[in-house]
Amino acid sequence: MAIRPILRYPDQRLHQIAKPITVFDTALKELVSDMAETLYAAPGIGLAASQIDQHVQLIIIDISKAQNELLVFVNPEIVWTSEEKTTCDEGCLSVPGVYDGVTRPSRVKVRAHDVEGKLFDLEAQGLLAVCIQHELDHLKGIVFVEYLSQLKRNRIKTRLLKEEREQQKHEKKLVAQAMKRRTL
Ligand code: K1U
Ligand code: ZN
């Protein structure tokens, strides 16, 4: 098991379209296991393979407090959505520090395969329905900030790019200090 780095918006790789999974093997189980470790460490309630730069149709969700109710969806498809819509504050591990309202269908039916390849249907409402729709968007290359205004999106992009530059500067400084210590 390993914690994988999570891509951060506005990384263009977050906009790649995920490909269907055709082989249900140990490599898939290992990927699910790495994703679960990454999700629980973050922590978050959902993760799409696209967020760890694996562009395949795989999402995992665990909305339980105890982090012991992992749901795995391979090649998920939303087959029904309710007419009724709800606005809910969403967050994203690829857009740290940003929470904002998104309006989506209140209930959905999803069809997917489990990690063994078995087909199942699930009807969801509340936070689970929101999370399923959010994660499926990731597989289509959509990040939730794309539902916000252009102004908000630009502010988020500018802030995250600034934070990334500062982080890189800080890492460079640490490397330079370590090198200096080695030469003393
Ligand atoms: O897709 C992601 O980046 C994960 C995202 C899922 C999500 C959250 C809220 C609404 C829709 C989709 C997150 O998990 S953000 C972090 C979060 O919500 C959380 C973190 C710690 C404890 C509980 C929730
Ligand atoms: Zn997300």
# chains A, B, ... in the order shown; residues from 1 in each chain; ligands from 1
call {"tool": "residues_around", "arguments": {"residues": "range 64-75 of chain A", "least_positions_apart": "5", "cutoff": "10 Å", "atoms": "only C-alpha atoms", "output": "PyMOL selection string"}}
result
chain A and resi 18-22+24+28+32+36+39-40+43-46+48+56-59+110-120+132+136+139
call {"tool": "write_last_selection", "arguments": {"atoms": "N, CA, C and O atoms", "output": "CSV table (one decimal), in the first residue's frame"}}
result
chain,number,residue,atom,x,y,z
A,18,ALA,N,-11.1,9.7,-18.5
A,18,ALA,CA,-10.7,8.4,-18.0
A,18,ALA,C,-11.2,7.3,-19.0
A,18,ALA,O,-12.3,7.4,-19.5
A,19,LYS,N,-10.4,6.2,-19.1
A,19,LYS,CA,-10.7,5.1,-20.0
A,19,LYS,C,-11.4,4.0,-19.2
A,19,LYS,O,-11.1,3.8,-18.0
A,20,PRO,N,-12.3,3.2,-19.8
A,20,PRO,CA,-12.9,2.1,-19.1
A,20,PRO,C,-11.9,1.0,-18.7
A,20,PRO,O,-10.8,0.9,-19.3
A,21,ILE,N,-12.2,0.3,-17.6
A,21,ILE,CA,-11.3,-0.7,-17.1
A,21,ILE,C,-11.8,-2.0,-17.7
A,21,ILE,O,-13.0,-2.3,-17.7
A,22,THR,N,-10.9,-2.8,-18.3
A,22,THR,CA,-11.3,-4.1,-18.9
A,22,THR,C,-10.8,-5.3,-18.2
A,22,THR,O,-11.3,-6.4,-18.4
A,24,PHE,N,-9.9,-7.1,-14.5
A,24,PHE,CA,-10.0,-7.1,-13.1
A,24,PHE,C,-9.0,-8.0,-12.4
A,24,PHE,O,-9.2,-9.2,-12.2
A,28,LEU,N,-5.3,-4.0,-10.4
A,28,LEU,CA,-6.5,-3.1,-10.0
A,28,LEU,C,-6.7,-3.1,-8.5
A,28,LEU,O,-7.0,-2.0,-7.9
A,32,VAL,N,-6.7,0.2,-6.1
A,32,VAL,CA,-7.8,0.5,-5.1
A,32,VAL,C,-7.2,0.7,-3.7
A,32,VAL,O,-7.5,1.6,-3.0
A,36,ALA,N,-7.3,4.0,-1.4
A,36,ALA,CA,-7.9,4.0,-0.1
A,36,ALA,C,-7.0,4.6,0.9
A,36,ALA,O,-7.4,5.5,1.7
A,39,LEU,N,-6.9,8.3,0.3
A,39,LEU,CA,-8.1,8.9,0.7
A,39,LEU,C,-8.2,9.1,2.2
A,39,LEU,O,-8.5,10.2,2.7
A,40,TYR,N,-7.8,8.0,3.0
A,40,TYR,CA,-7.9,8.1,4.4
A,40,TYR,C,-6.8,9.0,5.0
A,40,TYR,O,-7.0,9.6,6.1
A,43,PRO,N,-7.5,13.9,5.0
A,43,PRO,CA,-8.5,12.9,4.7
A,43,PRO,C,-9.6,13.4,3.8
A,43,PRO,O,-9.8,14.6,3.7
A,44,GLY,N,-10.3,12.5,3.1
A,44,GLY,CA,-11.5,12.9,2.3
A,44,GLY,C,-12.5,11.9,2.3
A,44,GLY,O,-12.4,10.9,3.0
A,45,ILE,N,-13.6,12.1,1.6
A,45,ILE,CA,-14.7,11.2,1.6
A,45,ILE,C,-14.8,10.5,0.2
A,45,ILE,O,-15.6,9.6,0.0
A,46,GLY,N,-14.0,11.0,-0.8
A,46,GLY,CA,-14.1,10.4,-2.1
A,46,GLY,C,-12.8,10.7,-2.9
A,46,GLY,O,-12.1,11.6,-2.6
A,48,ALA,N,-11.2,10.0,-7.0
A,48,ALA,CA,-11.2,9.4,-8.4
A,48,ALA,C,-9.8,9.1,-8.8
A,48,ALA,O,-8.9,9.9,-8.5
A,56,VAL,N,-8.2,6.1,-15.5
A,56,VAL,CA,-9.1,4.9,-15.7
A,56,VAL,C,-10.4,5.2,-14.9
A,56,VAL,O,-10.4,5.9,-13.9
A,57,GLN,N,-11.5,4.5,-15.3
A,57,GLN,CA,-12.8,4.8,-14.7
A,57,GLN,C,-13.0,4.0,-13.3
A,57,GLN,O,-13.5,2.9,-13.3
A,58,LEU,N,-12.4,4.6,-12.3
A,58,LEU,CA,-12.4,4.0,-11.0
A,58,LEU,C,-12.6,5.2,-10.0
A,58,LEU,O,-11.8,6.1,-10.0
A,59,ILE,N,-13.6,5.0,-9.1
A,59,ILE,CA,-13.7,5.9,-8.0
A,59,ILE,C,-13.9,5.2,-6.7
A,59,ILE,O,-14.5,4.0,-6.7
A,110,VAL,N,-26.8,4.7,-9.7
A,110,VAL,CA,-25.5,4.4,-10.3
A,110,VAL,C,-25.3,2.9,-10.6
A,110,VAL,O,-25.8,2.1,-9.8
A,111,ARG,N,-24.8,2.6,-11.8
A,111,ARG,CA,-24.5,1.2,-12.1
A,111,ARG,C,-23.0,1.1,-12.3
A,111,ARG,O,-22.4,2.0,-12.9
A,112,ALA,N,-22.4,0.1,-11.6
A,112,ALA,CA,-20.9,0.0,-11.7
A,112,ALA,C,-20.5,-1.5,-11.5
A,112,ALA,O,-21.4,-2.3,-11.1
A,113,HIS,N,-19.3,-1.8,-11.7
A,113,HIS,CA,-18.7,-3.1,-11.3
A,113,HIS,C,-18.0,-2.9,-10.0
A,113,HIS,O,-17.4,-1.9,-9.7
A,114,ASP,N,-17.9,-4.0,-9.2
A,114,ASP,CA,-17.1,-4.0,-8.0
A,114,ASP,C,-15.6,-4.4,-8.4
A,114,ASP,O,-15.4,-4.7,-9.6
A,115,VAL,N,-14.7,-4.5,-7.4
A,115,VAL,CA,-13.3,-4.8,-7.8
A,115,VAL,C,-13.1,-6.2,-8.4
A,115,VAL,O,-12.1,-6.4,-9.1
A,116,GLU,N,-14.1,-7.1,-8.1
A,116,GLU,CA,-14.0,-8.4,-8.7
A,116,GLU,C,-14.7,-8.5,-10.1
A,116,GLU,O,-14.6,-9.5,-10.8
A,117,GLY,N,-15.3,-7.4,-10.5
A,117,GLY,CA,-15.9,-7.4,-11.9
A,117,GLY,C,-17.4,-7.6,-11.8
A,117,GLY,O,-18.1,-7.6,-12.9
A,118,LYS,N,-18.0,-7.7,-10.6
A,118,LYS,CA,-19.5,-8.0,-10.5
A,118,LYS,C,-20.3,-6.7,-10.6
A,118,LYS,O,-19.9,-5.7,-10.0
A,119,LEU,N,-21.3,-6.8,-11.5
A,119,LEU,CA,-22.1,-5.6,-11.7
A,119,LEU,C,-23.1,-5.4,-10.6
A,119,LEU,O,-23.7,-6.3,-10.0
A,120,PHE,N,-23.3,-4.1,-10.2
A,120,PHE,CA,-24.2,-3.8,-9.1
A,120,PHE,C,-24.9,-2.4,-9.4
A,120,PHE,O,-24.3,-1.6,-10.1
A,132,ILE,N,-20.9,10.9,-5.3
A,132,ILE,CA,-20.9,10.1,-6.5
A,132,ILE,C,-20.8,11.0,-7.7
A,132,ILE,O,-20.0,10.8,-8.6
A,136,LEU,N,-17.7,11.2,-10.3
A,136,LEU,CA,-17.9,10.9,-11.8
A,136,LEU,C,-17.5,12.0,-12.7
A,136,LEU,O,-17.0,11.8,-13.8
A,139,LEU,N,-13.9,11.8,-13.5
A,139,LEU,CA,-13.6,10.9,-14.6
A,139,LEU,C,-13.8,11.5,-16.0
A,139,LEU,O,-13.2,11.0,-17.0
call {"tool": "select_by_dssp", "arguments": {"residues": "chain A", "states": "helix (DSSP H, G or I)", "output": "JSON, numbers by chain"}}
result
{"A": [12, 13, 14, 15, 26, 27, 28, 29, 30, 31, 32, 33, 34, 35, 36, 37, 38, 39, 40, 41, 49, 50, 51, 52, 126, 127, 128, 129, 130, 131, 132, 133, 134, 135, 136, 137, 138, 139, 144, 145, 146, 147, 150, 151, 152, 153, 154, 155, 156, 157, 158, 159, 160, 161, 162, 163, 164, 165, 166, 167, 168, 169, 170, 171, 172, 173, 174, 175, 176, 177, 178, 179, 180, 181, 182, 183]}
call {"tool": "residues_near_ligand", "arguments": {"ligand": "ligand 2", "cutoff": "7 Å", "atoms": "only C-alpha atoms and all ligand atoms", "output": "list in words"}}
result
Leu47, Gly91, Cys92, Leu93, Ser94, His134, Glu135, His138, Val143 and Phe144 of chain A
call {"tool": "atom_distance", "arguments": {"atom1": "CA of Ala49 in chain A", "atom2": "CA of Asp100 in chain A"}}
result
22.6 Å
call {"tool": "closest_residue", "arguments": {"among": "A:Glu123, A:Glu77, A:Asp62, A:Glu166", "to": "ligand 1", "atoms": "only C-alpha atoms and all ligand atoms"}}
result
A:Asp62
call {"tool": "closest_residue", "arguments": {"among": "A:Thr81, A:Ser50, A:Thr26, A:Gln16", "to": "ligand 1", "atoms": "only C-alpha atoms and all ligand atoms"}}
result
A:Ser50
call {"tool": "closest_residue", "arguments": {"among": "A:Leu128, A:Ala176, A:Leu160, A:Ile142", "to": "Ile61 in chain A", "atoms": "only C-alpha atoms"}}
result
A:Leu128
call {"tool": "select_by_dssp", "arguments": {"residues": "chain A", "states": "strand (DSSP E)", "output": "ChimeraX atom specification"}}
result
/A:46-48,58-61,71-81,85-90,100-105,107-113,119-125
call {"tool": "closest_residue", "arguments": {"among": "A:Arg13, A:Arg165, A:Arg104, A:Lys85", "to": "ligand 1", "atoms": "only C-alpha atoms and all ligand atoms"}}
result
A:Arg104
call {"tool": "residues_around", "arguments": {"residues": "Gly126 in chain A", "least_positions_apart": "4", "cutoff": "9 Å", "atoms": "only C-alpha atoms", "output": "list in words"}}
result
Thr86, Ser106, Arg107, Val130 and Cys131 of chain A
call {"tool": "closest_residue", "arguments": {"among": "A:Asp25, A:His15, A:Gly97, A:Glu84", "to": "ligand 1", "atoms": "only C-alpha atoms and all ligand atoms"}}
result
A:Gly97
call {"tool": "closest_residue", "arguments": {"among": "A:Gln12, A:Gln150, A:Thr103, A:Thr38", "to": "Gln133 in chain A", "atoms": "only C-alpha atoms"}}
result
A:Thr103
